[in-house]
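Structure file model-v4.cif (mmCIF, C-alpha atoms) follows.
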```cif
data_entry
loop_
_atom_site.label_atom_id
_atom_site.label_comp_id
_atom_site.auth_asym_id
_atom_site.auth_seq_id
_atom_site.Cartn_x
_atom_site.Cartn_y
_atom_site.Cartn_z
CA MET A 864 -97.16 10.00 -3.37
CA SER A 865 -98.78 7.34 -5.48
CA PRO A 866 -97.10 3.94 -5.54
CA GLU A 867 -97.08 4.01 -9.33
CA GLN A 868 -94.94 7.13 -9.38
CA THR A 869 -91.46 5.78 -9.83
CA GLN A 870 -89.66 8.89 -10.99
CA VAL A 871 -90.03 12.43 -9.76
CA ASP A 872 -88.99 14.90 -12.41
CA VAL A 873 -90.36 18.41 -12.58
CA PRO A 874 -88.37 20.70 -14.88
CA GLU A 875 -89.56 23.88 -13.22
CA LEU A 876 -91.07 24.31 -9.79
CA ALA A 877 -91.98 27.61 -8.18
CA PHE A 878 -91.45 28.09 -4.45
CA PRO A 879 -93.51 31.24 -3.78
CA ALA A 880 -92.04 31.67 -0.31
CA GLY A 881 -88.51 30.51 -1.08
CA LEU A 882 -86.76 28.47 1.63
CA PRO A 883 -85.64 29.68 5.06
CA GLY A 884 -82.12 30.99 4.54
CA PHE A 885 -82.73 31.16 0.78
CA GLU A 886 -85.76 33.43 0.62
CA ASP A 887 -84.73 34.94 -2.69
CA LEU A 888 -84.61 31.59 -4.52
CA ARG A 889 -88.01 30.85 -6.02
CA ARG A 890 -87.38 28.61 -9.03
CA PHE A 891 -86.12 25.04 -8.84
CA ALA A 892 -85.93 21.89 -10.90
CA LEU A 893 -86.59 18.50 -9.33
CA ALA A 894 -84.71 15.59 -10.90
CA SER A 895 -84.50 11.94 -9.90
CA TRP A 896 -81.02 10.87 -8.95
CA GLY A 897 -79.27 7.56 -8.43
CA GLY A 898 -81.08 5.30 -10.86
CA PRO A 899 -84.44 3.51 -10.95
CA ASP A 900 -84.12 1.92 -7.50
CA SER A 901 -83.01 5.10 -5.80
CA PRO A 902 -85.43 7.11 -3.64
CA TYR A 903 -83.32 10.24 -4.05
CA ALA A 904 -83.84 13.31 -6.16
CA ARG A 905 -82.08 16.65 -6.41
CA LEU A 906 -83.79 19.99 -5.97
CA VAL A 907 -81.66 22.33 -8.04
CA SER A 908 -81.84 26.11 -8.00
CA LEU A 909 -82.48 27.57 -11.44
CA GLU A 910 -81.32 30.96 -10.21
CA ARG A 911 -78.08 30.37 -8.31
CA PRO A 912 -75.51 27.95 -9.73
CA GLY A 913 -74.15 25.54 -7.16
CA VAL A 914 -77.25 25.52 -4.95
CA ALA A 915 -78.81 22.08 -4.97
CA PHE A 916 -80.35 19.88 -2.29
CA LEU A 917 -80.74 16.14 -1.97
CA VAL A 918 -84.31 15.10 -1.20
CA ALA A 919 -86.22 11.87 -0.81
CA PRO A 920 -89.77 10.78 0.04
CA PRO A 921 -89.87 10.22 3.81
CA GLU A 922 -91.48 6.78 3.40
CA ALA A 923 -88.17 5.54 1.96
CA PHE A 924 -86.69 5.77 5.44
CA PHE A 925 -89.40 6.38 8.02
CA ASP A 926 -92.55 4.61 9.06
CA ASP A 927 -95.45 6.62 10.42
CA TYR A 928 -94.22 10.02 9.30
CA ASP A 929 -97.38 11.76 8.20
CA VAL A 930 -97.29 15.38 7.25
CA GLU A 931 -100.30 17.50 8.13
CA VAL A 932 -100.53 20.48 5.79
CA ARG A 933 -102.05 23.58 7.33
CA ASP A 934 -104.83 25.34 5.41
CA ASP A 935 -102.65 28.37 4.67
CA ASP A 936 -99.91 26.20 3.22
CA ALA A 937 -102.43 24.20 1.17
CA ALA A 938 -103.80 27.48 -0.19
CA LEU A 939 -100.30 28.73 -1.06
CA LEU A 940 -99.72 25.49 -2.95
CA GLN A 941 -103.20 25.55 -4.56
CA LEU A 942 -103.56 22.06 -3.20
CA ASP A 943 -107.19 21.02 -3.61
CA ASP A 944 -106.55 17.35 -4.32
CA PRO A 945 -104.28 15.38 -1.96
CA ALA A 946 -103.29 13.18 -4.90
CA ASP A 947 -101.39 16.14 -6.31
CA ALA A 948 -99.21 16.40 -3.21
CA LEU A 949 -95.68 15.00 -3.14
CA VAL A 950 -93.92 15.09 0.22
CA LEU A 951 -90.13 15.15 0.25
CA VAL A 952 -87.60 15.67 3.00
CA MET A 953 -84.23 17.39 2.68
CA ILE A 954 -81.27 15.10 3.26
CA THR A 955 -78.03 16.36 4.76
CA VAL A 956 -75.12 14.18 3.67
CA GLY A 957 -72.15 13.36 5.91
CA GLU A 958 -68.81 11.78 5.19
CA ARG A 959 -70.31 8.30 5.40
CA ALA A 960 -73.63 6.76 4.42
CA ASP A 961 -74.59 6.25 8.06
CA GLN A 962 -74.17 9.95 8.81
CA ALA A 963 -76.91 11.16 6.47
CA THR A 964 -79.84 12.85 8.18
CA ALA A 965 -83.30 13.98 7.13
CA ASN A 966 -85.06 17.21 8.03
CA LEU A 967 -88.41 16.13 9.45
CA LEU A 968 -89.04 19.56 11.00
CA GLY A 969 -89.43 21.23 7.63
CA PRO A 970 -90.64 18.80 4.97
CA LEU A 971 -91.15 19.98 1.42
CA VAL A 972 -94.60 19.70 -0.08
CA VAL A 973 -94.84 19.88 -3.85
CA ASN A 974 -98.02 20.26 -5.85
CA THR A 975 -97.05 18.22 -8.89
CA ARG A 976 -100.00 19.47 -10.94
CA ALA A 977 -99.56 23.20 -10.25
CA ARG A 978 -95.73 22.93 -10.06
CA LEU A 979 -95.60 24.74 -6.73
CA GLY A 980 -93.54 23.87 -3.69
CA ALA A 981 -92.98 25.02 -0.14
CA GLN A 982 -91.06 24.03 2.96
CA ILE A 983 -93.69 23.73 5.66
CA VAL A 984 -93.63 23.13 9.38
CA PRO A 985 -96.26 20.62 10.47
CA PRO A 986 -98.17 21.44 13.65
CA GLU A 987 -96.49 20.02 16.77
CA ALA A 988 -93.09 19.83 15.04
CA ASP A 989 -90.18 19.93 17.49
CA PRO A 990 -87.41 22.38 16.54
CA ALA A 991 -85.01 20.81 19.01
CA HIS A 992 -84.78 17.44 17.28
CA GLY A 993 -86.56 17.25 14.00
CA ALA A 994 -84.14 18.96 11.63
CA ARG A 995 -81.40 16.29 11.71
CA VAL A 996 -82.93 12.83 12.08
CA PRO A 997 -80.62 9.94 11.15
CA LEU A 998 -81.78 7.87 8.21
CA ARG A 999 -82.32 4.21 8.92
CA ALA A 1000 -80.64 2.12 6.26
CA ALA A 1001 -83.20 -0.06 4.50
CA MET B 963 -85.23 47.29 17.33
CA LEU B 964 -88.54 49.11 17.46
CA VAL B 965 -90.16 48.58 20.85
CA LEU B 966 -93.91 49.03 21.23
CA THR B 967 -96.19 48.36 24.16
CA ARG B 968 -99.57 46.75 23.51
CA ARG B 969 -102.49 45.46 25.54
CA PRO B 970 -104.63 42.46 24.60
CA ASP B 971 -106.75 43.10 21.49
CA GLN B 972 -104.40 45.82 20.29
CA ARG B 973 -102.54 45.37 17.02
CA ILE B 974 -99.31 46.16 15.22
CA VAL B 975 -99.20 46.72 11.45
CA ILE B 976 -96.07 45.89 9.45
CA GLY B 977 -95.96 47.25 5.92
CA ASP B 978 -99.41 47.16 4.37
CA ASP B 979 -100.11 43.47 4.67
CA ILE B 980 -98.98 42.14 8.02
CA VAL B 981 -101.01 42.58 11.18
CA ILE B 982 -100.06 41.20 14.57
CA THR B 983 -102.79 41.06 17.20
CA VAL B 984 -102.12 40.54 20.89
CA LEU B 985 -104.80 37.99 21.75
CA GLU B 986 -104.10 37.18 25.37
CA VAL B 987 -101.49 37.74 28.03
CA LYS B 988 -101.39 35.13 30.79
CA GLY B 989 -98.53 35.03 33.25
CA ASP B 990 -95.30 35.11 31.27
CA THR B 991 -96.93 33.99 28.04
CA VAL B 992 -98.38 36.09 25.26
CA ARG B 993 -100.60 34.70 22.51
CA LEU B 994 -100.25 36.50 19.22
CA GLY B 995 -102.35 36.29 16.09
CA ILE B 996 -100.59 36.99 12.79
CA ASP B 997 -102.30 37.95 9.55
CA ALA B 998 -99.88 37.94 6.62
CA PRO B 999 -99.89 37.10 2.92
CA ARG B 1000 -99.44 33.37 2.39
CA SER B 1001 -96.13 33.89 0.65
CA VAL B 1002 -94.68 35.44 3.80
CA ARG B 1003 -93.53 32.66 6.10
CA VAL B 1004 -94.19 33.21 9.79
CA HIS B 1005 -92.42 30.97 12.28
CA ARG B 1006 -91.45 30.84 15.90
CA GLU B 1007 -87.88 32.12 15.92
CA GLU B 1008 -86.38 28.85 17.10
CA VAL B 1009 -88.15 27.01 14.28
CA HIS B 1010 -86.96 29.49 11.66
CA GLU B 1011 -83.41 29.25 12.98
CA ALA B 1012 -83.48 25.44 12.98
CA LEU B 1013 -84.74 25.43 9.38
CA ARG B 1014 -82.26 28.04 8.25
CA ARG B 1015 -79.34 26.09 9.70
CA ALA B 1016 -80.54 22.76 8.40
CA ASN B 1017 -81.06 24.15 4.90
CA ALA B 1018 -77.61 25.74 4.89
CA ALA B 1019 -76.07 22.43 5.98
CA ALA B 1020 -78.05 20.51 3.38
CA VAL B 1021 -76.69 22.38 0.35
CA LEU B 1022 -74.84 19.75 -1.64
CA PRO B 1023 -71.11 20.42 -1.32
CA ASP B 1024 -70.45 19.82 -4.95
CA ALA B 1025 -72.78 20.33 -7.90
CA ASP B 1026 -71.13 17.26 -9.42
CA VAL B 1027 -73.26 14.36 -8.18
CA ALA B 1028 -70.43 11.89 -8.70
CA ALA B 1029 -68.74 13.45 -5.68
CA LEU B 1030 -71.54 12.53 -3.23
CA PRO B 1031 -70.52 10.06 -0.49
CA PRO B 1032 -72.33 6.72 -0.30
CA LEU B 1033 -75.93 7.03 0.87
CA PRO B 1034 -78.30 4.60 2.54
CA PRO B 1035 -80.31 2.92 -0.20
CA GLY B 1036 -83.66 3.35 1.53
CA ARG B 1037 -86.68 1.43 0.40
CA PRO B 1038 -86.91 1.65 -3.37
CA ARG B 1039 -89.83 3.43 -4.98
CA ARG B 1040 -92.60 0.94 -5.49
#
```
Please re-express this file's structure in structure tokens.
Amino acid sequence: MSPEQTQVDVPELAFPAGLPGFEDLRRFALASWGGPDSPYARLVSLERPGVAFLVAPPEAFFDDYDVEVRDDDAALLQLDDPADALVLVMITVGERADQATANLLGPLVVNTRARLGAQIVPPEADPAHGARVPLRAA
Amino acid sequence: MLVLTRRPDQRIVIGDDIVITVLEVKGDTVRLGIDAPRSVRVHREEVHEALRRANAAAVLPDADVAALPPLPPGRPRR
């Protein structure tokens, strides 16, 4: 994600493979949320009312989290230029701010030019721990 | 459940587009190769289950964003 990109808004994104548990949902909108200093955005289903996810770039909370995109996933996303890639992680909210967690097992990769997205599993990802990693407050 | 027995280098075809090849059997481990269209996600079962559960838990409880609890501010976008 380029440092100059301060807002992430994509009115229509296609997820050709859906999301695990939501395979039939293929069309989403991505909209910044929380104001200009907020890292958060919402991924909103355009097909099923009430289905929306909170997402954020992992660098807002984690150092050294680099996502390796497999060739098959890059091909699905038509990702030829790494500058077109936006990495986001799904945030699960709790009752309190310190209970929010990020899914580092299945980050989202969005091709901002082609308007395609997918939830991918980086090589070496650990299913036992990576899906609910506590956010570190800035 | 359909149960088939295969030896290394033998394959299973699912639909028209998915082919599973038994590459190697060593001890209690089997290595499988999967050819499938890119839009068909293939995961180890425990990975798929972890993702499915995490996604289900991540659905925002209320479409009205004003109802979200406080969140860590994170580092702002540069």
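Note that the spacing between atom CA of Lys988 of chain B and atom CA of Arg968 of chain B amounts to 13.8 Å.
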Check: Just so the selection is clear, what residues does the PyMOL selection byres ((chain B and resi 1011) around 12) cover here, as a ChimeraX atom specification?
Finding: /A:882-884,968-969,990-991,994 /B:1004-1010,1012-1018
Selected residues written out with C-alpha atoms, as a PDB file, in the coordinates of the input:
```pdb
ATOM      1  CA  LEU A 882     -86.760  28.470   1.630  1.00  0.00           C
ATOM      2  CA  PRO A 883     -85.640  29.680   5.060  1.00  0.00           C
ATOM      3  CA  GLY A 884     -82.120  30.990   4.540  1.00  0.00           C
ATOM      4  CA  LEU A 968     -89.040  19.560  11.000  1.00  0.00           C
ATOM      5  CA  GLY A 969     -89.430  21.230   7.630  1.00  0.00           C
ATOM      6  CA  PRO A 990     -87.410  22.380  16.540  1.00  0.00           C
ATOM      7  CA  ALA A 991     -85.010  20.810  19.010  1.00  0.00           C
ATOM      8  CA  ALA A 994     -84.140  18.960  11.630  1.00  0.00           C
TER       9      ALA A 994
ATOM     10  CA  VAL B1004     -94.190  33.210   9.790  1.00  0.00           C
ATOM     11  CA  HIS B1005     -92.420  30.970  12.280  1.00  0.00           C
ATOM     12  CA  ARG B1006     -91.450  30.840  15.900  1.00  0.00           C
ATOM     13  CA  GLU B1007     -87.880  32.120  15.920  1.00  0.00           C
ATOM     14  CA  GLU B1008     -86.380  28.850  17.100  1.00  0.00           C
ATOM     15  CA  VAL B1009     -88.150  27.010  14.280  1.00  0.00           C
ATOM     16  CA  HIS B1010     -86.960  29.490  11.660  1.00  0.00           C
ATOM     17  CA  ALA B1012     -83.480  25.440  12.980  1.00  0.00           C
ATOM     18  CA  LEU B1013     -84.740  25.430   9.380  1.00  0.00           C
ATOM     19  CA  ARG B1014     -82.260  28.040   8.250  1.00  0.00           C
ATOM     20  CA  ARG B1015     -79.340  26.090   9.700  1.00  0.00           C
ATOM     21  CA  ALA B1016     -80.540  22.760   8.400  1.00  0.00           C
ATOM     22  CA  ASN B1017     -81.060  24.150   4.900  1.00  0.00           C
ATOM     23  CA  ALA B1018     -77.610  25.740   4.890  1.00  0.00           C
TER      24      ALA B1018
END
```
Please, which residues are within 9 Å of (-99.0, 39.8, 13.4) by the file's coordinates, counting all atoms listed in the file, and could they come as a CSV table (one decimal) with C-alpha atoms, in the coordinates of the input?
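The result, stored in out-v5.csv:
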```csv
chain,number,residue,atom,x,y,z
B,973,ARG,CA,-102.5,45.4,17.0
B,974,ILE,CA,-99.3,46.2,15.2
B,975,VAL,CA,-99.2,46.7,11.4
B,976,ILE,CA,-96.1,45.9,9.4
B,980,ILE,CA,-99.0,42.1,8.0
B,981,VAL,CA,-101.0,42.6,11.2
B,982,ILE,CA,-100.1,41.2,14.6
B,983,THR,CA,-102.8,41.1,17.2
B,984,VAL,CA,-102.1,40.5,20.9
B,994,LEU,CA,-100.2,36.5,19.2
B,995,GLY,CA,-102.4,36.3,16.1
B,996,ILE,CA,-100.6,37.0,12.8
B,997,ASP,CA,-102.3,38.0,9.6
B,998,ALA,CA,-99.9,37.9,6.6
B,1004,VAL,CA,-94.2,33.2,9.8
```
Spatial sel., origin (-80.4, 15.5, -13.3), limit 9 Å, all atoms listed in the file, listed as a tab-separated table (two decimals) with C-alpha atoms, keeping the file's coordinate frame:
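Final file, selection.tsv:
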```tsv
chain	number	residue	atom	x	y	z
A	872	ASP	CA	-88.99	14.90	-12.41
A	892	ALA	CA	-85.93	21.89	-10.90
A	893	LEU	CA	-86.59	18.50	-9.33
A	894	ALA	CA	-84.71	15.59	-10.90
A	895	SER	CA	-84.50	11.94	-9.90
A	896	TRP	CA	-81.02	10.87	-8.95
A	904	ALA	CA	-83.84	13.31	-6.16
A	905	ARG	CA	-82.08	16.65	-6.41
A	907	VAL	CA	-81.66	22.33	-8.04
B	1027	VAL	CA	-73.26	14.36	-8.18
```
Next item on the list: Considering all atoms listed in the file, extract the chain A residues located within 6 Å of chain B and return them as a list in words.
Entry: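 Contact residues on the first chain: Pro866, Thr869, Pro879, Ala880, Pro883, Gly884, Asp900, Ser901, Pro902, Gly913, Ala915, Phe916, Ala923, Phe924, Leu939, Thr955, Ala960, Pro990, Ala1000 and Ala1001 of chain A.
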Next item on the list: On this file, the PyMOL selection byres ((chain A and resi 970) around 10) gives some set of residues; write that set as number ranges by chain.
Entry: A: 918, 920-921, 930, 950-953, 965-969, 971-973, 981-985, 994; B: 1013
Is it possible to get the axis-aligned box enclosing segment 969-976 of chain A (all listed atoms, 3 Å extra per side) as JSON, with centre and edge lengths in Å rounded to one decimal?
```
{"center_x": -94.7, "center_y": 19.7, "center_z": -1.7, "size_x": 16.6, "size_y": 9.0, "size_z": 24.6}
```
Notebook entry, point to check: Can you tell me how far atom CA of Pro874 of chain A sits from atom CA of Leu888 of chain A, in Å to one decimal?
Noted result: 15.5 Å
Margin query: What's around Val987 of chain B at 12 Å? Count all atoms listed in the file, leave out sequence neighbours fewer than 2 positions away in its own chain, and write the answer as a list in words.
Written below: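 Those residues are Arg968, Arg969, Pro970, Asp971, Gln972, Thr983, Val984, Leu985, Gly989, Asp990, Thr991, Val992, Arg993 and Leu994 of chain B.
Taking atom CA of Tyr928 of chain A and atom CA of Arg978 of chain A as endpoints, the distance between them is 23.3 Å.
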Missing atoms in segment 918-933 of chain A: fill them in up to N, CA, C and O atoms and send the result as a CSV table (one decimal), in the coordinates of the input.
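Final output, saved to part_0.csv:
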```
chain,number,residue,atom,x,y,z
A,918,VAL,N,-83.0,15.3,-1.8
A,918,VAL,CA,-84.3,15.1,-1.2
A,918,VAL,C,-84.7,13.7,-1.4
A,918,VAL,O,-84.2,13.0,-2.3
A,919,ALA,N,-85.7,13.2,-0.6
A,919,ALA,CA,-86.2,11.9,-0.8
A,919,ALA,C,-87.6,11.8,-0.2
A,919,ALA,O,-87.9,12.6,0.8
A,920,PRO,N,-88.5,10.9,-0.6
A,920,PRO,CA,-89.8,10.8,0.0
A,920,PRO,C,-89.5,10.2,1.4
A,920,PRO,O,-88.7,9.3,1.6
A,921,PRO,N,-90.2,10.7,2.5
A,921,PRO,CA,-89.9,10.2,3.8
A,921,PRO,C,-90.2,8.7,4.0
A,921,PRO,O,-89.5,8.1,4.8
A,922,GLU,N,-91.1,8.2,3.2
A,922,GLU,CA,-91.5,6.8,3.4
A,922,GLU,C,-90.3,5.8,3.0
A,922,GLU,O,-90.4,4.7,3.3
A,923,ALA,N,-89.3,6.4,2.3
A,923,ALA,CA,-88.2,5.5,2.0
A,923,ALA,C,-87.3,5.2,3.2
A,923,ALA,O,-86.5,4.3,3.2
A,924,PHE,N,-87.5,6.0,4.3
A,924,PHE,CA,-86.7,5.8,5.4
A,924,PHE,C,-87.5,5.7,6.7
A,924,PHE,O,-86.9,5.2,7.7
A,925,PHE,N,-88.7,6.2,6.8
A,925,PHE,CA,-89.4,6.4,8.0
A,925,PHE,C,-90.8,5.8,7.9
A,925,PHE,O,-91.5,6.1,7.0
A,926,ASP,N,-91.2,5.0,8.9
A,926,ASP,CA,-92.6,4.6,9.1
A,926,ASP,C,-93.3,5.7,9.8
A,926,ASP,O,-92.8,6.3,10.7
A,927,ASP,N,-94.6,5.8,9.6
A,927,ASP,CA,-95.4,6.6,10.4
A,927,ASP,C,-95.1,8.1,10.4
A,927,ASP,O,-95.3,8.8,11.4
A,928,TYR,N,-94.5,8.6,9.4
A,928,TYR,CA,-94.2,10.0,9.3
A,928,TYR,C,-95.3,10.6,8.4
A,928,TYR,O,-95.2,10.5,7.2
A,929,ASP,N,-96.3,11.2,9.0
A,929,ASP,CA,-97.4,11.8,8.2
A,929,ASP,C,-97.3,13.3,8.3
A,929,ASP,O,-97.2,13.8,9.5
A,930,VAL,N,-97.4,13.9,7.2
A,930,VAL,CA,-97.3,15.4,7.2
A,930,VAL,C,-98.7,16.0,7.2
A,930,VAL,O,-99.4,15.7,6.2
A,931,GLU,N,-99.0,16.8,8.2
A,931,GLU,CA,-100.3,17.5,8.1
A,931,GLU,C,-100.0,18.9,7.5
A,931,GLU,O,-99.2,19.6,8.0
A,932,VAL,N,-100.7,19.2,6.5
A,932,VAL,CA,-100.5,20.5,5.8
A,932,VAL,C,-101.6,21.5,6.3
A,932,VAL,O,-102.8,21.2,6.2
A,933,ARG,N,-101.1,22.6,6.9
A,933,ARG,CA,-102.0,23.6,7.3
A,933,ARG,C,-102.8,24.2,6.2
A,933,ARG,O,-102.3,24.2,5.0
```
